file my_file-v1.txt (compact mmCIF, C-alpha atoms)
# COMPACT_ATOMS: atom_id res chain seq x y z
CA MET A 1 -6.73 83.64 -59.66
CA ASN A 2 -2.98 83.96 -60.16
CA LYS A 3 -1.83 85.20 -63.53
CA LYS A 4 0.42 82.95 -65.59
CA VAL A 5 3.39 84.59 -67.29
CA ALA A 6 5.85 83.14 -69.80
CA VAL A 7 9.42 84.46 -69.67
CA ILE A 8 11.70 83.92 -72.68
CA LEU A 9 15.43 83.79 -71.90
CA SER A 10 18.30 83.93 -74.39
CA GLY A 11 21.04 82.07 -72.53
CA CYS A 12 22.96 83.05 -69.41
CA GLY A 13 25.23 86.09 -69.22
CA VAL A 14 25.00 89.63 -70.52
CA TYR A 15 27.59 89.32 -73.31
CA ASP A 16 26.29 86.15 -74.98
CA GLY A 17 22.94 85.35 -73.36
CA ALA A 18 20.23 86.72 -71.09
CA GLU A 19 21.19 89.57 -68.76
CA ILE A 20 21.19 87.80 -65.39
CA HIS A 21 20.22 90.78 -63.21
CA GLU A 22 17.33 91.68 -65.52
CA SER A 23 16.15 88.09 -65.60
CA VAL A 24 16.29 87.60 -61.84
CA ILE A 25 14.65 90.97 -61.08
CA THR A 26 11.86 90.02 -63.49
CA LEU A 27 11.35 86.61 -61.88
CA LEU A 28 11.49 88.11 -58.39
CA ARG A 29 8.93 90.81 -59.15
CA LEU A 30 6.59 88.32 -60.78
CA ASP A 31 6.83 86.10 -57.71
CA GLN A 32 6.24 89.05 -55.39
CA ARG A 33 3.09 89.86 -57.36
CA GLY A 34 1.83 86.29 -57.06
CA ALA A 35 2.22 85.32 -60.70
CA GLU A 36 2.87 81.78 -61.84
CA VAL A 37 5.95 81.76 -64.09
CA GLN A 38 7.34 79.39 -66.67
CA CYS A 39 10.67 80.11 -68.37
CA PHE A 40 11.37 79.21 -71.98
CA ALA A 41 14.33 79.36 -74.38
CA PRO A 42 15.05 78.09 -77.89
CA ASP A 43 16.95 74.83 -78.23
CA VAL A 44 19.68 76.28 -80.46
CA GLN A 45 23.40 76.92 -80.31
CA GLN A 46 24.63 80.32 -79.15
CA LEU A 47 26.17 82.61 -81.76
CA HIS A 48 29.37 82.44 -79.72
CA VAL A 49 30.59 82.11 -76.13
CA VAL A 50 32.16 85.02 -74.25
CA ASP A 51 34.44 84.78 -71.22
CA HIS A 52 32.66 87.18 -68.89
CA TYR A 53 35.86 87.74 -66.87
CA SER A 54 38.18 88.73 -69.72
CA GLY A 55 35.58 89.72 -72.31
CA ASP A 56 37.25 87.47 -74.89
CA GLU A 57 35.43 85.11 -77.21
CA MET A 58 35.97 81.45 -76.27
CA ASP A 59 36.62 78.50 -78.55
CA GLU A 60 33.62 76.44 -77.51
CA THR A 61 29.91 76.04 -78.18
CA ARG A 62 26.98 76.24 -75.79
CA ASN A 63 23.24 75.64 -76.09
CA VAL A 64 20.85 78.53 -75.35
CA LEU A 65 18.27 76.34 -73.60
CA VAL A 66 20.88 74.55 -71.48
CA GLU A 67 22.53 77.82 -70.44
CA ALA A 68 19.21 79.56 -69.70
CA ALA A 69 18.33 76.64 -67.43
CA ARG A 70 20.97 77.99 -65.02
CA ILE A 71 18.87 81.09 -64.39
CA ALA A 72 15.62 79.11 -64.22
CA ARG A 73 17.12 76.57 -61.77
CA GLY A 74 16.35 73.86 -64.31
CA LYS A 75 12.65 74.71 -64.55
CA ILE A 76 12.59 75.67 -68.20
CA LYS A 77 11.03 74.46 -71.44
CA ASN A 78 11.79 74.66 -75.14
CA VAL A 79 10.13 77.80 -76.51
CA ARG A 80 8.65 75.56 -79.21
CA ASP A 81 6.40 74.21 -76.43
CA LEU A 82 5.12 77.66 -75.42
CA HIS A 83 1.36 77.64 -76.00
CA VAL A 84 -0.25 81.05 -75.74
CA ASP A 85 -3.52 79.64 -74.41
CA ASP A 86 -1.68 78.57 -71.24
CA PHE A 87 -0.53 82.09 -70.33
CA ASP A 88 -1.85 85.58 -69.65
CA ALA A 89 1.29 87.53 -70.62
CA LEU A 90 4.83 87.29 -71.96
CA ILE A 91 8.03 89.03 -70.81
CA MET A 92 11.48 88.99 -72.41
CA PRO A 93 14.54 90.25 -70.47
CA GLY A 94 17.47 91.67 -72.41
CA GLY A 95 21.14 90.83 -72.71
CA PHE A 96 23.13 90.43 -75.93
CA GLY A 97 21.64 86.96 -76.30
CA VAL A 98 18.48 88.62 -77.60
CA ALA A 99 20.50 90.19 -80.42
CA LYS A 100 22.72 87.15 -80.96
CA ASN A 101 20.64 84.05 -80.19
CA LEU A 102 16.97 85.04 -80.39
CA SER A 103 17.74 87.05 -83.53
CA ASP A 104 20.66 88.14 -85.68
CA PHE A 105 20.24 91.83 -84.85
CA VAL A 106 23.87 92.16 -83.74
CA VAL A 107 24.98 91.06 -87.23
CA SER A 108 22.20 92.30 -89.52
CA GLY A 109 20.80 95.33 -87.70
CA ALA A 110 17.60 96.61 -89.29
CA ASN A 111 17.63 93.66 -91.71
CA CYS A 112 17.57 91.13 -88.89
CA THR A 113 15.34 88.09 -88.56
CA VAL A 114 13.97 86.55 -85.35
CA GLN A 115 14.62 82.88 -84.53
CA VAL A 116 11.58 81.06 -85.90
CA ASP A 117 10.37 79.41 -82.68
CA VAL A 118 10.72 82.68 -80.75
CA LEU A 119 8.91 84.58 -83.50
CA ASN A 120 6.03 82.09 -83.59
CA ALA A 121 5.66 82.17 -79.81
CA THR A 122 5.76 85.95 -79.46
CA GLN A 123 3.45 86.63 -82.39
CA ALA A 124 0.92 84.25 -80.90
CA PHE A 125 0.60 86.62 -77.94
CA VAL A 126 0.15 89.55 -80.31
CA LYS A 127 -2.60 87.76 -82.23
CA ALA A 128 -4.30 86.82 -78.94
CA GLY A 129 -4.20 90.43 -77.71
CA LYS A 130 -2.24 89.48 -74.61
CA PRO A 131 0.29 91.88 -73.01
CA VAL A 132 4.00 91.65 -73.75
CA GLY A 133 6.94 93.22 -71.89
CA LEU A 134 10.33 93.75 -73.57
CA MET A 135 13.34 95.25 -71.80
CA CYS A 136 16.87 96.43 -72.56
CA ILE A 137 17.77 95.44 -76.15
CA ALA A 138 14.70 93.18 -76.56
CA PRO A 139 12.57 96.02 -78.02
CA ALA A 140 14.88 95.80 -81.05
CA LEU A 141 12.65 92.86 -82.04
CA ALA A 142 9.39 94.78 -81.54
CA ALA A 143 8.83 95.71 -85.18
CA LYS A 144 9.49 92.14 -86.29
CA ILE A 145 7.02 90.83 -83.70
CA PHE A 146 4.29 93.49 -83.81
CA GLY A 147 4.76 95.04 -87.23
CA SER A 148 5.33 98.59 -88.42
CA GLY A 149 4.17 101.44 -86.21
CA VAL A 150 4.81 99.74 -82.88
CA VAL A 151 5.84 102.17 -80.10
CA CYS A 152 8.78 101.18 -77.90
CA THR A 153 12.03 102.29 -76.24
CA ILE A 154 15.61 101.17 -75.77
CA GLY A 155 16.43 104.33 -73.81
CA ASN A 156 18.37 106.94 -75.76
CA ASP A 157 21.08 105.12 -77.75
CA HIS A 158 20.99 106.89 -81.11
CA ASP A 159 22.38 104.12 -83.32
CA THR A 160 20.09 101.43 -81.92
CA ALA A 161 17.07 103.75 -82.03
CA THR A 162 17.86 104.51 -85.67
CA ALA A 163 17.88 100.79 -86.51
CA LEU A 164 14.52 100.36 -84.76
CA THR A 165 13.09 103.24 -86.77
CA GLN A 166 14.39 101.73 -90.00
CA MET A 167 12.54 98.53 -89.12
CA GLY A 168 9.31 100.46 -88.73
CA ALA A 169 9.15 101.00 -84.98
CA ILE A 170 8.35 104.37 -83.40
CA HIS A 171 11.04 104.97 -80.80
CA HIS A 172 10.46 107.13 -77.71
CA GLU A 173 13.36 108.12 -75.49
CA CYS A 174 12.91 106.99 -71.89
CA GLU A 175 14.59 107.28 -68.50
CA VAL A 176 15.89 104.10 -66.86
CA SER A 177 13.24 104.33 -64.15
CA ASP A 178 10.30 104.62 -66.53
CA ILE A 179 8.36 102.61 -69.11
CA ILE A 180 6.90 103.25 -72.54
CA GLU A 181 3.57 101.68 -73.38
CA ASP A 182 2.00 101.04 -76.76
CA HIS A 183 -1.59 101.06 -75.55
CA ALA A 184 -3.11 99.67 -78.73
CA ARG A 185 -0.76 96.70 -78.82
CA LYS A 186 -0.42 96.09 -75.06
CA LEU A 187 3.37 96.32 -75.34
CA VAL A 188 5.42 97.67 -72.41
CA THR A 189 9.14 98.45 -72.75
CA THR A 190 11.87 99.83 -70.47
CA PRO A 191 15.60 100.56 -71.02
CA ALA A 192 16.97 98.55 -68.05
CA TYR A 193 20.72 98.01 -68.59
CA MET A 194 20.71 99.98 -71.82
CA LEU A 195 20.93 102.88 -69.35
CA ALA A 196 21.20 101.47 -65.82
CA GLN A 197 24.39 102.09 -63.88
CA SER A 198 23.42 99.81 -61.00
CA ILE A 199 21.14 96.88 -60.26
CA SER A 200 18.77 99.12 -58.32
CA GLU A 201 18.45 101.48 -61.29
CA ALA A 202 17.65 98.54 -63.53
CA ALA A 203 15.07 97.29 -61.05
CA SER A 204 13.28 100.65 -60.93
CA GLY A 205 12.08 100.33 -64.52
CA ILE A 206 11.78 96.54 -64.61
CA ASN A 207 9.45 96.52 -61.60
CA LYS A 208 7.23 99.11 -63.31
CA LEU A 209 7.20 97.02 -66.48
CA VAL A 210 6.21 93.84 -64.65
CA ASP A 211 3.52 95.65 -62.67
CA ARG A 212 2.05 97.22 -65.79
CA VAL A 213 2.11 93.98 -67.78
CA LEU A 214 0.19 92.28 -64.98
CA GLU A 215 -2.29 95.17 -64.86
CA LEU A 216 -2.90 94.79 -68.58
CA THR A 217 -3.90 91.16 -68.12
CA HIS A 218 -7.06 92.51 -66.48
CA ALA A 219 -7.83 94.90 -69.34

call {"tool": "encode", "arguments": {"input": "my_file-v1.txt", "output": "structure tokens"}}
result
Amino acid sequence: MNKKVAVILSGCGVYDGAEIHESVITLLRLDQRGAEVQCFAPDVQQLHVVDHYSGDEMDETRNVLVEAARIARGKIKNVRDLHVDDFDALIMPGGFGVAKNLSDFVVSGANCTVQVDVLNATQAFVKAGKPVGLMCIAPALAAKIFGSGVVCTIGNDHDTATALTQMGAIHHECEVSDIIEDHARKLVTTPAYMLAQSISEAASGINKLVDRVLELTHA
């Protein structure tokens, strides 16, 4: 029986939404492994909009769910409608949207809060004992989702790792091609574009994360 995996996106575009390469690699690997996938995103406004050509902030507003639908080819649902009983696992790609739209980590750091619908959805998987995969900057939310003592990685960025530690997470440094697993909590993390210098480097760790998350659904 094919495993069913929920993927939470944070918009579309590395600087103000979901990291597109990470998202597509995740969806591709899940499809290659025969998983059934449903994408989700919160129906909220982005913190801001960034021109990905110039890097400048733009004077406009965009909706996280509407933008994330670009990556999902329209097949996406409001994260409020994510019911844990319908899925075997959850994966969250990175991108600054995680720190700007799914939370206020980019503004508040260790004092951040997670968007309420995203927090409810992710904590439901924790309570159900189902595996979760977080990549790139997404592990910055691990302590808020899992609680103090959770083991995770964002690679080796000192300032970000310090913030994670202040929140109660236990940070392990990790190469781009590897994963860190919190065995007790069934959490798998990988640095992806926190370290990757190419799409193939990002894929090396993301593929391992997806494979391990799927393996944990059998545990």

call {"tool": "residues_around", "arguments": {"input": "my_file-v1.txt", "residues": "Arg185 (chain A)", "least_positions_apart": "2", "cutoff": "8 Å", "atoms": "only C-alpha atoms", "output": "list in words"}}
result
Val126, Gly129, Pro131, Phe146, Val150, Asp182, His183 and Leu187 of chain A

call {"tool": "atom_distance", "arguments": {"input": "my_file-v1.txt", "atom1": "CA of Leu65 (chain A)", "atom2": "CA of Asp43 (chain A)"}}
result
5.0 Å

call {"tool": "closest_residue", "arguments": {"input": "my_file-v1.txt", "among": "A:Gln38, A:Thr160, A:Asn78, A:Ser200", "to": "Cys136 (chain A)", "atoms": "only C-alpha atoms"}}
result
A:Thr160

call {"tool": "residues_around", "arguments": {"input": "my_file-v1.txt", "residues": "Asp59 (chain A)", "least_positions_apart": "5", "cutoff": "10 Å", "atoms": "all atoms listed in the file", "output": "JSON, numbers by chain"}}
result
{"A": [48, 49, 50, 51]}

call {"tool": "closest_residue", "arguments": {"input": "my_file-v1.txt", "among": "A:Cys12, A:Ala89, A:Ile154, A:Ile145", "to": "Val213 (chain A)", "atoms": "all atoms listed in the file"}}
result
A:Ala89

call {"tool": "residues_around", "arguments": {"input": "my_file-v1.txt", "residues": "Thr26 (chain A)", "least_positions_apart": "2", "cutoff": "8 Å", "atoms": "only C-alpha atoms", "output": "NGL selection string"}}
result
:A and (22-24 or 28-30 or 93 or 206-207 or 210)

call {"tool": "closest_residue", "arguments": {"input": "my_file-v1.txt", "among": "A:Leu90, A:Val106, A:Ala196, A:Val5", "to": "Asp31 (chain A)", "atoms": "all atoms listed in the file"}}
result
A:Val5

call {"tool": "closest_residue", "arguments": {"input": "my_file-v1.txt", "among": "A:Ala128, A:Leu209, A:Met194, A:Val44", "to": "Asp88 (chain A)", "atoms": "all atoms listed in the file"}}
result
A:Ala128

call {"tool": "closest_residue", "arguments": {"input": "my_file-v1.txt", "among": "A:Ser10, A:Ser148, A:Asn111, A:Ser198", "to": "Cys39 (chain A)", "atoms": "only C-alpha atoms"}}
result
A:Ser10

call {"tool": "residues_around", "arguments": {"input": "my_file-v1.txt", "residues": "Glu19 (chain A)", "least_positions_apart": "3", "cutoff": "6 Å", "atoms": "all atoms listed in the file", "output": "ChimeraX atom specification"}}
result
/A:13-14,22,94-95

call {"tool": "atom_distance", "arguments": {"input": "my_file-v1.txt", "atom1": "CA of Met167 (chain A)", "atom2": "CA of Val151 (chain A)"}}
result
11.8 Å

call {"tool": "atom_distance", "arguments": {"input": "my_file-v1.txt", "atom1": "CA of Gln46 (chain A)", "atom2": "CA of Thr113 (chain A)"}}
result
15.3 Å

call {"tool": "closest_residue", "arguments": {"input": "my_file-v1.txt", "among": "A:Leu214, A:Val107, A:Leu102, A:Ile137", "to": "Ala6 (chain A)", "atoms": "only C-alpha atoms"}}
result
A:Leu214

call {"tool": "residues_around", "arguments": {"input": "my_file-v1.txt", "residues": "His172 (chain A)", "least_positions_apart": "2", "cutoff": "10 Å", "atoms": "all atoms listed in the file", "output": "PDB file with C-alpha atoms, keeping the file's coordinate frame"}}
result
ATOM      1  CA  VAL A 151       5.840 102.170 -80.100  1.00  0.00           C
ATOM      2  CA  CYS A 152       8.780 101.180 -77.900  1.00  0.00           C
ATOM      3  CA  THR A 153      12.030 102.290 -76.240  1.00  0.00           C
ATOM      4  CA  ILE A 154      15.610 101.170 -75.770  1.00  0.00           C
ATOM      5  CA  GLY A 155      16.430 104.330 -73.810  1.00  0.00           C
ATOM      6  CA  ASN A 156      18.370 106.940 -75.760  1.00  0.00           C
ATOM      7  CA  ALA A 161      17.070 103.750 -82.030  1.00  0.00           C
ATOM      8  CA  ALA A 169       9.150 101.000 -84.980  1.00  0.00           C
ATOM      9  CA  ILE A 170       8.350 104.370 -83.400  1.00  0.00           C
ATOM     10  CA  CYS A 174      12.910 106.990 -71.890  1.00  0.00           C
ATOM     11  CA  ILE A 179       8.360 102.610 -69.110  1.00  0.00           C
ATOM     12  CA  ILE A 180       6.900 103.250 -72.540  1.00  0.00           C
ATOM     13  CA  GLU A 181       3.570 101.680 -73.380  1.00  0.00           C
TER      14      GLU A 181
END
